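Data file: input.cif. Format and content: mmCIF, C-alpha atoms.
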```
data_target
loop_
_atom_site.label_atom_id
_atom_site.label_comp_id
_atom_site.auth_asym_id
_atom_site.auth_seq_id
_atom_site.Cartn_x
_atom_site.Cartn_y
_atom_site.Cartn_z
CA MET Q 504 76.84 26.21 -120.19
CA LYS Q 505 76.68 24.88 -116.68
CA LEU Q 506 74.68 27.04 -114.32
CA PRO Q 507 76.03 27.62 -110.79
CA GLN Q 508 74.32 25.26 -108.36
CA ASN Q 509 74.04 27.60 -105.43
CA THR Q 510 71.95 30.33 -106.97
CA SER Q 511 71.03 31.91 -103.68
CA THR Q 512 74.45 33.36 -102.91
CA ILE Q 513 75.15 36.86 -104.12
CA SER Q 514 78.84 37.57 -103.97
CA ALA Q 515 80.07 41.16 -103.83
CA PRO Q 516 82.68 42.25 -106.41
CA ALA Q 517 86.27 41.62 -105.34
CA THR Q 518 87.76 45.08 -104.83
CA GLY Q 519 90.56 44.22 -102.52
CA SER Q 520 88.44 44.29 -99.35
CA THR Q 521 87.04 41.13 -97.88
CA ALA Q 522 84.02 40.29 -99.99
CA GLN Q 523 81.36 38.61 -97.91
CA SER Q 524 78.81 36.56 -99.73
CA LEU Q 525 75.25 37.44 -98.69
CA LYS Q 526 73.00 34.47 -98.34
CA VAL Q 527 69.39 35.11 -99.16
CA THR Q 528 67.31 32.50 -97.37
CA PRO Q 529 63.56 32.72 -97.72
CA SER Q 530 61.93 33.31 -94.35
CA PRO Q 531 58.76 31.41 -93.47
CA ALA Q 532 55.64 33.41 -94.43
CA LYS Q 533 54.06 34.83 -91.30
CA PRO Q 534 50.35 35.46 -91.38
CA SER Q 535 49.65 39.16 -91.31
CA PRO Q 536 46.56 41.30 -91.86
CA LEU Q 537 47.89 42.26 -95.28
CA THR Q 538 48.02 38.71 -96.60
CA ASP Q 539 45.38 36.82 -94.63
CA PHE Q 540 42.23 38.87 -94.66
CA ASN Q 541 40.05 36.21 -93.16
CA THR Q 542 42.24 34.66 -90.50
CA VAL Q 543 44.12 37.48 -88.81
CA PRO Q 544 41.86 40.16 -87.35
CA VAL Q 545 43.09 43.75 -87.40
CA PRO Q 546 43.07 45.06 -83.82
CA VAL Q 547 40.58 47.92 -83.50
CA PRO Q 548 41.10 50.22 -80.52
CA GLY Q 549 38.00 50.05 -78.35
CA PRO Q 550 36.58 52.70 -76.03
CA ILE Q 551 38.35 53.39 -72.74
CA LYS Q 552 37.01 51.69 -69.66
CA LEU Q 553 34.97 54.00 -67.47
CA GLY Q 554 35.28 54.08 -63.72
CA THR Q 555 32.48 55.10 -61.37
CA TRP Q 556 30.28 57.80 -62.83
CA GLY Q 557 30.51 61.24 -61.26
CA ASP Q 558 27.51 63.05 -59.77
CA ASP Q 559 27.49 65.71 -62.51
CA THR Q 560 27.47 63.00 -65.17
CA LYS Q 561 24.56 61.23 -63.49
CA LYS Q 562 22.56 64.47 -63.16
CA ALA Q 563 23.13 65.41 -66.80
CA LEU Q 564 22.20 61.97 -68.06
CA SER Q 565 19.08 61.77 -65.89
CA LEU Q 566 17.90 65.13 -67.30
CA ILE Q 567 18.06 63.81 -70.84
CA TYR Q 568 16.87 60.32 -69.83
CA HIS Q 569 13.51 61.67 -68.69
CA GLN Q 570 12.78 63.39 -72.02
CA PRO Q 571 9.99 61.77 -74.07
CA SER Q 572 11.82 61.28 -77.37
CA TYR Q 573 15.36 61.51 -78.71
CA TYR Q 574 17.17 62.11 -81.96
CA ALA Q 575 20.71 60.96 -82.60
CA ILE Q 576 23.48 61.73 -85.06
CA VAL Q 577 25.21 58.43 -85.74
CA GLU Q 578 27.98 57.49 -88.13
CA ILE Q 579 27.51 54.45 -90.31
CA LYS Q 580 30.39 53.68 -92.66
CA GLN Q 581 31.89 57.05 -91.64
CA ARG Q 582 28.83 58.97 -92.86
CA PRO Q 583 26.61 60.86 -90.41
CA TYR Q 584 22.86 60.26 -90.26
CA HIS Q 585 20.31 62.25 -88.24
CA VAL Q 586 17.92 59.56 -86.97
CA HIS Q 587 14.90 59.06 -84.75
CA LEU Q 588 13.29 55.91 -83.45
CA ASN Q 589 11.80 53.65 -86.15
CA ASP Q 590 13.48 55.51 -88.99
CA VAL Q 591 14.74 53.65 -92.03
CA VAL Q 592 18.33 54.53 -92.92
CA ILE Q 593 19.53 53.80 -96.46
CA THR Q 594 23.27 53.16 -96.37
CA MET Q 595 25.91 51.67 -98.63
CA ARG Q 596 25.49 47.96 -99.16
CA MET Q 597 26.92 45.75 -96.42
CA ASN Q 598 27.29 42.21 -97.70
CA ASP Q 599 28.26 40.81 -94.30
CA CYS Q 600 24.80 41.58 -92.92
CA LYS Q 601 21.85 39.26 -93.48
CA LEU Q 602 18.19 40.22 -93.08
CA GLY Q 603 17.26 40.46 -89.43
CA ASP Q 604 20.78 41.12 -88.11
CA VAL Q 605 20.92 43.62 -85.25
CA LEU Q 606 23.74 46.18 -85.39
CA GLN Q 607 24.94 48.05 -82.33
CA LEU Q 608 25.89 51.56 -83.44
CA ASP Q 609 28.82 52.83 -81.39
CA ARG Q 610 29.92 55.91 -83.36
CA VAL Q 611 27.40 58.37 -81.90
CA ARG Q 612 28.21 62.04 -82.38
CA GLU Q 613 25.24 63.57 -80.63
CA ILE Q 614 22.03 62.63 -78.91
CA GLY Q 615 19.36 65.13 -77.98
CA SER Q 616 15.74 66.03 -77.42
CA MET Q 617 13.57 69.12 -77.28
CA GLU Q 618 15.36 70.61 -74.24
CA TYR Q 619 18.78 68.98 -73.89
CA ILE Q 620 21.61 67.93 -76.19
CA LEU Q 621 24.49 65.62 -75.34
CA GLN Q 622 27.46 66.10 -77.65
CA GLY Q 623 30.41 63.82 -78.01
CA ASN Q 624 34.06 64.74 -78.46
CA PRO Q 625 34.02 63.41 -81.15
CA TYR Q 626 31.91 60.42 -80.08
CA LEU Q 627 29.91 59.49 -77.00
CA HIS Q 628 30.90 56.54 -74.85
CA PRO Q 629 28.79 53.41 -75.50
CA ASP Q 630 28.34 52.91 -71.75
CA TYR Q 631 25.97 55.90 -71.76
CA ILE Q 632 23.95 55.12 -74.89
CA ASP Q 633 22.38 52.15 -76.65
CA ILE Q 634 21.43 52.54 -80.32
CA LYS Q 635 20.44 49.46 -82.31
CA ALA Q 636 19.57 49.02 -85.96
CA VAL Q 637 17.97 46.04 -87.70
CA VAL Q 638 18.82 45.11 -91.28
CA ILE Q 639 15.51 44.91 -93.15
CA GLU Q 640 16.38 44.97 -96.84
CA HIS Q 641 19.15 45.11 -99.43
CA PRO Q 642 17.50 47.22 -102.12
CA ALA Q 643 18.91 48.22 -105.47
CA ALA Q 644 18.32 51.71 -106.82
CA LYS Q 645 16.84 52.51 -110.22
CA GLU Q 646 19.31 51.99 -113.02
CA VAL Q 647 20.83 55.20 -114.33
CA VAL Q 648 21.69 55.13 -118.05
CA ARG Q 649 23.98 57.79 -119.42
CA GLN Q 650 24.12 58.03 -123.19
CA HIS Q 651 26.46 60.06 -125.32
CA TRP Q 652 25.78 60.09 -129.06
CA LYS Q 653 28.91 60.91 -130.95
CA LYS Q 654 29.00 62.35 -134.46
CA ARG Q 655 30.98 59.58 -136.16
CA GLY Q 656 29.60 56.57 -134.33
CA HIS Q 657 31.30 55.02 -131.25
CA ASP Q 658 28.37 56.01 -129.09
CA LYS Q 659 28.75 55.50 -125.38
CA ILE Q 660 26.17 53.99 -123.09
CA VAL Q 661 27.08 53.67 -119.41
CA ARG Q 662 24.74 51.87 -117.03
CA ASN Q 663 25.01 52.38 -113.31
CA ARG Q 664 23.01 50.79 -110.53
CA SER Q 665 23.81 51.47 -106.90
CA HIS Q 666 23.09 48.95 -104.17
CA HIS Q 667 22.04 49.84 -100.65
CA THR Q 668 21.22 48.35 -97.26
CA ALA Q 669 18.13 49.50 -95.37
CA LEU Q 670 18.43 49.67 -91.57
CA ARG Q 671 15.57 50.36 -89.19
CA ILE Q 672 16.56 52.11 -85.98
CA SER Q 673 14.85 49.91 -83.42
CA GLU Q 674 16.25 51.39 -80.19
CA ILE Q 675 17.62 54.70 -78.95
CA ASN Q 676 18.15 54.39 -75.21
CA ILE Q 677 20.11 56.21 -72.57
CA LYS Q 678 21.53 53.76 -70.09
CA LYS Q 679 21.24 54.01 -66.34
CA PRO Q 680 24.35 54.17 -64.17
CA PRO Q 681 25.71 50.79 -63.04
CA PRO Q 682 24.79 49.78 -59.49
CA THR Q 683 27.53 50.78 -57.01
CA MET H 423 -31.83 62.86 -102.35
CA ALA H 424 -30.90 60.19 -104.91
CA THR H 425 -28.22 57.71 -103.92
CA THR H 426 -24.84 58.49 -105.43
CA PRO H 427 -22.71 55.83 -107.18
CA ARG H 428 -20.37 55.84 -104.21
CA GLN H 429 -23.24 55.06 -101.87
CA TRP H 430 -24.45 52.24 -104.15
CA LEU H 431 -20.97 50.70 -104.13
CA LYS H 432 -20.77 50.93 -100.34
CA ARG H 433 -24.11 49.15 -99.99
CA LEU H 434 -23.04 46.41 -102.37
CA ARG H 435 -19.76 45.96 -100.53
CA ASP H 436 -21.47 45.80 -97.15
CA ALA H 437 -23.80 43.14 -98.55
CA ASN H 438 -20.75 41.21 -99.94
CA LEU H 439 -22.21 41.28 -103.43
CA ILE H 440 -19.03 42.78 -104.92
CA PRO H 441 -15.48 42.05 -103.76
CA ASN H 442 -14.37 44.25 -100.90
CA LYS H 443 -10.87 45.22 -102.06
CA PRO H 444 -9.05 48.32 -100.76
CA SER H 445 -9.01 51.09 -103.36
CA LEU H 446 -5.82 52.09 -105.10
CA SER H 447 -6.16 55.67 -103.89
CA ALA H 448 -6.26 54.63 -100.24
CA PRO H 449 -2.95 55.19 -98.46
CA PRO H 450 -0.97 51.98 -97.97
CA ALA H 451 -0.33 50.64 -94.50
CA ILE H 452 2.82 51.93 -92.86
CA ALA H 453 5.51 49.32 -92.70
CA HIS H 454 6.73 48.57 -89.19
CA ASN H 455 8.98 45.63 -89.95
CA GLY H 456 11.94 45.68 -87.60
CA GLN H 457 10.44 47.92 -84.91
CA GLY H 458 9.69 45.09 -82.51
CA ALA H 459 10.41 41.89 -84.37
CA PHE H 460 11.68 41.44 -87.89
CA ILE H 461 9.68 39.18 -90.21
CA PRO H 462 11.42 38.35 -93.48
CA PRO H 463 9.21 39.59 -96.31
CA LEU H 464 9.63 36.74 -98.81
CA HIS H 465 7.15 33.92 -98.09
CA SER H 466 7.35 31.48 -100.94
CA LEU H 467 9.15 30.65 -104.14
CA HIS H 468 7.58 28.51 -106.82
CA ILE H 469 10.15 27.30 -109.35
CA THR H 470 9.05 25.76 -112.64
CA TYR H 471 11.03 24.09 -115.40
CA ALA H 472 10.15 23.32 -119.01
CA LYS H 473 9.27 19.64 -118.88
CA TYR H 474 8.79 18.73 -122.52
CA THR H 475 12.10 20.03 -123.90
CA LEU H 476 14.40 18.59 -121.23
CA GLY H 477 15.88 15.78 -123.25
CA ARG H 478 16.27 17.90 -126.37
CA GLY H 479 18.30 20.82 -125.08
CA GLY H 480 15.70 23.34 -124.08
CA ASN H 481 15.99 26.43 -121.91
CA SER H 482 15.81 24.76 -118.49
CA LYS H 483 19.32 23.35 -118.23
CA GLY H 484 20.38 25.97 -115.69
CA VAL H 485 17.28 25.59 -113.57
CA THR H 486 17.41 21.79 -113.50
CA SER H 487 21.10 21.66 -112.66
CA TYR H 488 20.49 24.26 -109.95
CA ILE H 489 17.77 22.08 -108.45
CA LEU H 490 19.67 18.77 -108.76
CA SER H 491 22.95 20.14 -107.41
CA ASN H 492 23.49 21.31 -103.84
CA TYR H 493 22.61 24.94 -104.63
CA LEU H 494 18.88 24.79 -103.92
CA ALA H 495 19.37 22.79 -100.72
CA VAL H 496 21.91 25.35 -99.46
CA PHE H 497 19.51 28.19 -100.28
CA ALA H 498 16.68 26.42 -98.48
CA ARG H 499 18.87 25.76 -95.47
CA ASP H 500 19.98 29.40 -95.27
CA HIS H 501 16.39 30.66 -95.60
CA PRO H 502 14.22 28.29 -93.53
CA TYR H 503 11.29 30.73 -93.56
CA ILE H 504 10.73 30.45 -97.34
CA ALA H 505 8.38 27.79 -98.72
CA ILE H 506 10.02 26.45 -101.88
CA SER H 507 8.13 24.34 -104.38
CA VAL H 508 9.17 22.92 -107.74
CA SER H 509 6.89 21.77 -110.52
CA PRO H 510 7.07 21.02 -114.26
CA ALA H 511 5.51 23.50 -116.64
CA LEU H 512 5.92 24.89 -120.11
CA LYS H 513 8.47 27.61 -119.24
CA PRO H 514 11.20 27.93 -116.60
CA THR H 515 10.16 30.67 -114.19
CA VAL H 516 10.24 31.54 -110.53
CA THR H 517 7.27 33.18 -108.80
CA ALA H 518 8.04 34.96 -105.54
CA THR H 519 5.25 35.87 -103.11
CA TYR H 520 5.90 38.52 -100.49
CA MET H 521 4.39 39.54 -97.17
CA ASN H 522 2.29 42.29 -98.79
CA GLN H 523 0.62 39.57 -100.93
CA GLN H 524 2.32 40.87 -104.05
CA SER H 525 4.05 38.42 -106.31
CA ALA H 526 6.61 38.71 -109.07
CA THR H 527 7.51 36.25 -111.82
CA VAL H 528 11.02 36.16 -113.24
CA ASP H 529 11.84 34.25 -116.41
CA LEU H 530 14.77 31.85 -116.04
CA ALA H 531 15.00 30.71 -119.67
CA GLY H 532 18.54 30.14 -120.86
CA MET H 533 20.12 31.07 -117.53
CA GLN H 534 23.16 29.35 -116.08
CA PRO H 535 22.89 27.86 -112.55
CA ASP H 536 24.93 30.72 -111.14
CA GLU H 537 22.55 33.27 -112.65
CA VAL H 538 19.59 31.38 -111.19
CA ARG H 539 21.31 31.48 -107.80
CA LYS H 540 21.82 35.25 -108.07
CA THR H 541 18.19 35.79 -109.09
CA LEU H 542 16.89 33.88 -106.07
CA LYS H 543 19.32 35.75 -103.82
CA ARG H 544 18.01 39.07 -105.16
CA LEU H 545 14.43 37.95 -104.61
CA ALA H 546 15.18 37.01 -101.00
CA GLU H 547 16.83 40.34 -100.16
CA VAL H 548 14.03 42.64 -101.26
CA GLN H 549 10.85 43.75 -99.45
CA SER H 550 8.48 43.90 -102.39
CA PRO H 551 8.59 43.07 -106.11
CA HIS H 552 8.26 46.73 -107.03
CA SER H 553 11.68 47.58 -105.67
CA LEU H 554 13.07 44.46 -107.35
CA LEU H 555 11.78 45.08 -110.83
CA LYS H 556 11.96 48.84 -110.99
CA GLY H 557 14.32 49.94 -108.24
CA SER H 558 13.79 53.07 -106.25
CA ARG H 559 15.63 56.35 -106.09
CA TYR H 560 16.09 57.50 -102.53
CA PRO H 561 16.12 61.33 -102.41
CA VAL H 562 17.07 61.35 -98.73
CA PRO H 563 19.18 58.83 -96.87
CA VAL H 564 16.79 58.63 -93.89
CA LEU H 565 13.08 57.87 -94.24
CA SER H 566 11.36 59.08 -91.09
CA GLY H 567 7.82 59.39 -89.82
CA LYS H 568 5.75 62.42 -88.92
CA ARG H 569 6.62 62.65 -85.20
CA LYS H 570 10.25 63.65 -85.71
CA SER H 571 9.51 67.25 -84.71
CA ASP H 572 8.91 65.99 -81.15
CA ALA H 573 12.63 65.50 -80.68
CA ALA H 574 13.84 68.64 -82.46
CA PRO H 575 15.72 70.93 -80.08
CA GLN H 576 14.07 74.26 -79.38
CA TRP H 577 15.68 77.24 -81.02
CA ASN H 578 18.10 78.98 -78.71
CA PRO H 579 20.00 82.12 -79.81
CA LEU H 580 23.16 80.93 -78.05
CA THR H 581 23.42 77.39 -79.45
CA ALA H 582 21.34 77.40 -82.66
CA PRO H 583 23.10 76.44 -85.91
CA GLU H 584 23.33 78.98 -88.75
CA SER H 585 21.04 76.94 -91.00
CA GLN H 586 18.17 77.31 -88.53
CA THR H 587 18.70 81.01 -87.89
CA TYR H 588 16.96 83.80 -89.77
CA ARG H 589 18.87 87.05 -90.18
CA PRO H 590 16.76 89.77 -91.83
#
```

With the file now loaded, output its structure as structure tokens.
Amino acid sequence: MKLPQNTSTISAPATGSTAQSLKVTPSPAKPSPLTDFNTVPVPVPGPIKLGTWGDDTKKALSLIYHQPSYYAIVEIKQRPYHVHLNDVVITMRMNDCKLGDVLQLDRVREIGSMEYILQGNPYLHPDYIDIKAVVIEHPAAKEVVRQHWKKRGHDKIVRNRSHHTALRISEINIKKPPPT
Amino acid sequence: MATTPRQWLKRLRDANLIPNKPSLSAPPAIAHNGQGAFIPPLHSLHITYAKYTLGRGGNSKGVTSYILSNYLAVFARDHPYIAISVSPALKPTVTATYMNQQSATVDLAGMQPDEVRKTLKRLAEVQSPHSLLKGSRYPVPVLSGKRKSDAAPQWNPLTAPESQTYRP
């Protein structure tokens, strides 16, 4: 049996009306974030650009700037952590980070001290705050072994070991207003 | 009064007649790595291979092919702060020495080159051999010092959260 040569044409059934043959031509593959993970970056919306700071903003920030020590509630991998300076934060493993890398944390929910608290809605603008973390270790937790002994054999042993990344919060600073 | 054993030991230590090592019950120094500068904890790796069984099979095939291929050079290039040395011995092992002067030895007998690569990568990522060999369970996600109460906001009846409020 001889196969039709032009296999790409799909002809509609002849029902009296004009049957148009639909040509299916393969379109050139465009790179997209779904197919090329490494080459095409997914655009992430950044923070809005601030204009000149108002007087109320400057007064509020100077009140908290002159406090001796701060705490901050930051989000790392969409999980909140209540941190102080020189704390070690144990997060989910981040393979992209090497030891000694400095991360700028921009998802800051809240920053405060003994007398004042600055809350974001939902986050604070990075032009007001500077929080940096240093990658110090990629530890692995103790292995957890779950055992189930069944009556007629077929026992189950499941081993689980979770991997983490340790970050040391090296800086929590409140920035000064830009010079006018 | 008569001198106690503790006093005798102190005298001997001051006179350098017995080694002056810190006691196990003394609290360890607080780690500050990363506060100002970050110093990678792994100092040196000493890799050995089984010399006498090389030509007759042996358990050092993975280690030797790891060394002779590009793998070890790539590892050394990526970690310029580690002192790597290779020597023949009776067994294939790797001894890692860390900043806290603790060392760990891992047996590489019968391993493939990829497994050797993963072992060295694990050794380079970890702060001390204890967390490598045993692993640690972290009860809290944030390990903080003693001064964290300095930054705790004062209790205020208007803005305090429910968890910090006592209702008799």

- Message: I need the output of the PyMOL selection byres ((chain H) within 12 of (chain Q)) for this file as a PyMOL selection string; which residues are they?
- Response: chain H and resi 452-464+500-501+503+543-578+581-582

Emit the selected residues as a JSON list (two decimals), in the frame of the given file, including C-alpha atoms.
```json
[["chain", "number", "residue", "atom", "x", "y", "z"],
["H", 452, "ILE", "CA", 2.82, 51.93, -92.86],
["H", 453, "ALA", "CA", 5.51, 49.32, -92.70],
["H", 454, "HIS", "CA", 6.73, 48.57, -89.19],
["H", 455, "ASN", "CA", 8.98, 45.63, -89.95],
["H", 456, "GLY", "CA", 11.94, 45.68, -87.60],
["H", 457, "GLN", "CA", 10.44, 47.92, -84.91],
["H", 458, "GLY", "CA", 9.69, 45.09, -82.51],
["H", 459, "ALA", "CA", 10.41, 41.89, -84.37],
["H", 460, "PHE", "CA", 11.68, 41.44, -87.89],
["H", 461, "ILE", "CA", 9.68, 39.18, -90.21],
["H", 462, "PRO", "CA", 11.42, 38.35, -93.48],
["H", 463, "PRO", "CA", 9.21, 39.59, -96.31],
["H", 464, "LEU", "CA", 9.63, 36.74, -98.81],
["H", 500, "ASP", "CA", 19.98, 29.40, -95.27],
["H", 501, "HIS", "CA", 16.39, 30.66, -95.60],
["H", 503, "TYR", "CA", 11.29, 30.73, -93.56],
["H", 543, "LYS", "CA", 19.32, 35.75, -103.82],
["H", 544, "ARG", "CA", 18.01, 39.07, -105.16],
["H", 545, "LEU", "CA", 14.43, 37.95, -104.61],
["H", 546, "ALA", "CA", 15.18, 37.01, -101.00],
["H", 547, "GLU", "CA", 16.83, 40.34, -100.16],
["H", 548, "VAL", "CA", 14.03, 42.64, -101.26],
["H", 549, "GLN", "CA", 10.85, 43.75, -99.45],
["H", 550, "SER", "CA", 8.48, 43.90, -102.39],
["H", 551, "PRO", "CA", 8.59, 43.07, -106.11],
["H", 552, "HIS", "CA", 8.26, 46.73, -107.03],
["H", 553, "SER", "CA", 11.68, 47.58, -105.67],
["H", 554, "LEU", "CA", 13.07, 44.46, -107.35],
["H", 555, "LEU", "CA", 11.78, 45.08, -110.83],
["H", 556, "LYS", "CA", 11.96, 48.84, -110.99],
["H", 557, "GLY", "CA", 14.32, 49.94, -108.24],
["H", 558, "SER", "CA", 13.79, 53.07, -106.25],
["H", 559, "ARG", "CA", 15.63, 56.35, -106.09],
["H", 560, "TYR", "CA", 16.09, 57.50, -102.53],
["H", 561, "PRO", "CA", 16.12, 61.33, -102.41],
["H", 562, "VAL", "CA", 17.07, 61.35, -98.73],
["H", 563, "PRO", "CA", 19.18, 58.83, -96.87],
["H", 564, "VAL", "CA", 16.79, 58.63, -93.89],
["H", 565, "LEU", "CA", 13.08, 57.87, -94.24],
["H", 566, "SER", "CA", 11.36, 59.08, -91.09],
["H", 567, "GLY", "CA", 7.82, 59.39, -89.82],
["H", 568, "LYS", "CA", 5.75, 62.42, -88.92],
["H", 569, "ARG", "CA", 6.62, 62.65, -85.20],
["H", 570, "LYS", "CA", 10.25, 63.65, -85.71],
["H", 571, "SER", "CA", 9.51, 67.25, -84.71],
["H", 572, "ASP", "CA", 8.91, 65.99, -81.15],
["H", 573, "ALA", "CA", 12.63, 65.50, -80.68],
["H", 574, "ALA", "CA", 13.84, 68.64, -82.46],
["H", 575, "PRO", "CA", 15.72, 70.93, -80.08],
["H", 576, "GLN", "CA", 14.07, 74.26, -79.38],
["H", 577, "TRP", "CA", 15.68, 77.24, -81.02],
["H", 578, "ASN", "CA", 18.10, 78.98, -78.71],
["H", 581, "THR", "CA", 23.42, 77.39, -79.45],
["H", 582, "ALA", "CA", 21.34, 77.40, -82.66]]
```

- Can you tell me how far atom CA of Gln523 of chain H sits from atom CA of Arg596 of chain Q, in Å to one decimal?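 Taking atom CA of Gln523 of chain H as the start and atom CA of Arg596 of chain Q as the end point, the length is 26.3 Å.
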
- Would you translate the PyMOL selection byres ((chain H and resi 508) around 6) into the concrete set of residues it matches in this file, as a ChimeraX atom specification? /H:468-470,507,509

Selected residues written out, C-alpha atoms, as a PDB file, in the coordinates of the input:
```
ATOM      1  CA  HIS H 468       7.580  28.510-106.820  1.00  0.00           C
ATOM      2  CA  ILE H 469      10.150  27.300-109.350  1.00  0.00           C
ATOM      3  CA  THR H 470       9.050  25.760-112.640  1.00  0.00           C
ATOM      4  CA  SER H 507       8.130  24.340-104.380  1.00  0.00           C
ATOM      5  CA  SER H 509       6.890  21.770-110.520  1.00  0.00           C
TER       6      SER H 509
END
```

- Message: Taking the file as I've supplied it (selection: the PyMOL selection byres ((chain Q and resi 633) around 10)), which residues are included? Please answer as a PyMOL selection string.
- Response: chain Q and resi 607-609+611+628-632+634-635+674-678

- Message: Just to confirm, what's the straight-line distance from atom CA of Leu431 of chain H to atom CA of Asn522 of chain H in Å (one decimal)?
- Response: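 Those two atoms sit 25.3 Å apart.
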
- Task: Work out how far atom CA of Lys513 of chain H is from atom CA of Ala498 of chain H, in Å to one decimal.
- Result: 22.4 Å

- Given only C-alpha atoms as the counted atoms, nearest of Q:Asn598, Q:Arg610, Q:Leu564, Q:Leu553 to Gln581 of chain Q: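 Comparing Q:Asn598, Q:Arg610, Q:Leu564, Q:Leu553 against Gln581 of chain Q, the winner is Q:Arg610.
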
- Task: Would you mind listing what lies within 6 Å of segment 471-485 of chain H as number ranges by chain, with only C-alpha atoms counted and same-chain residues fewer than 3 positions away left out?
- Result: H: 488, 510-514, 531-535
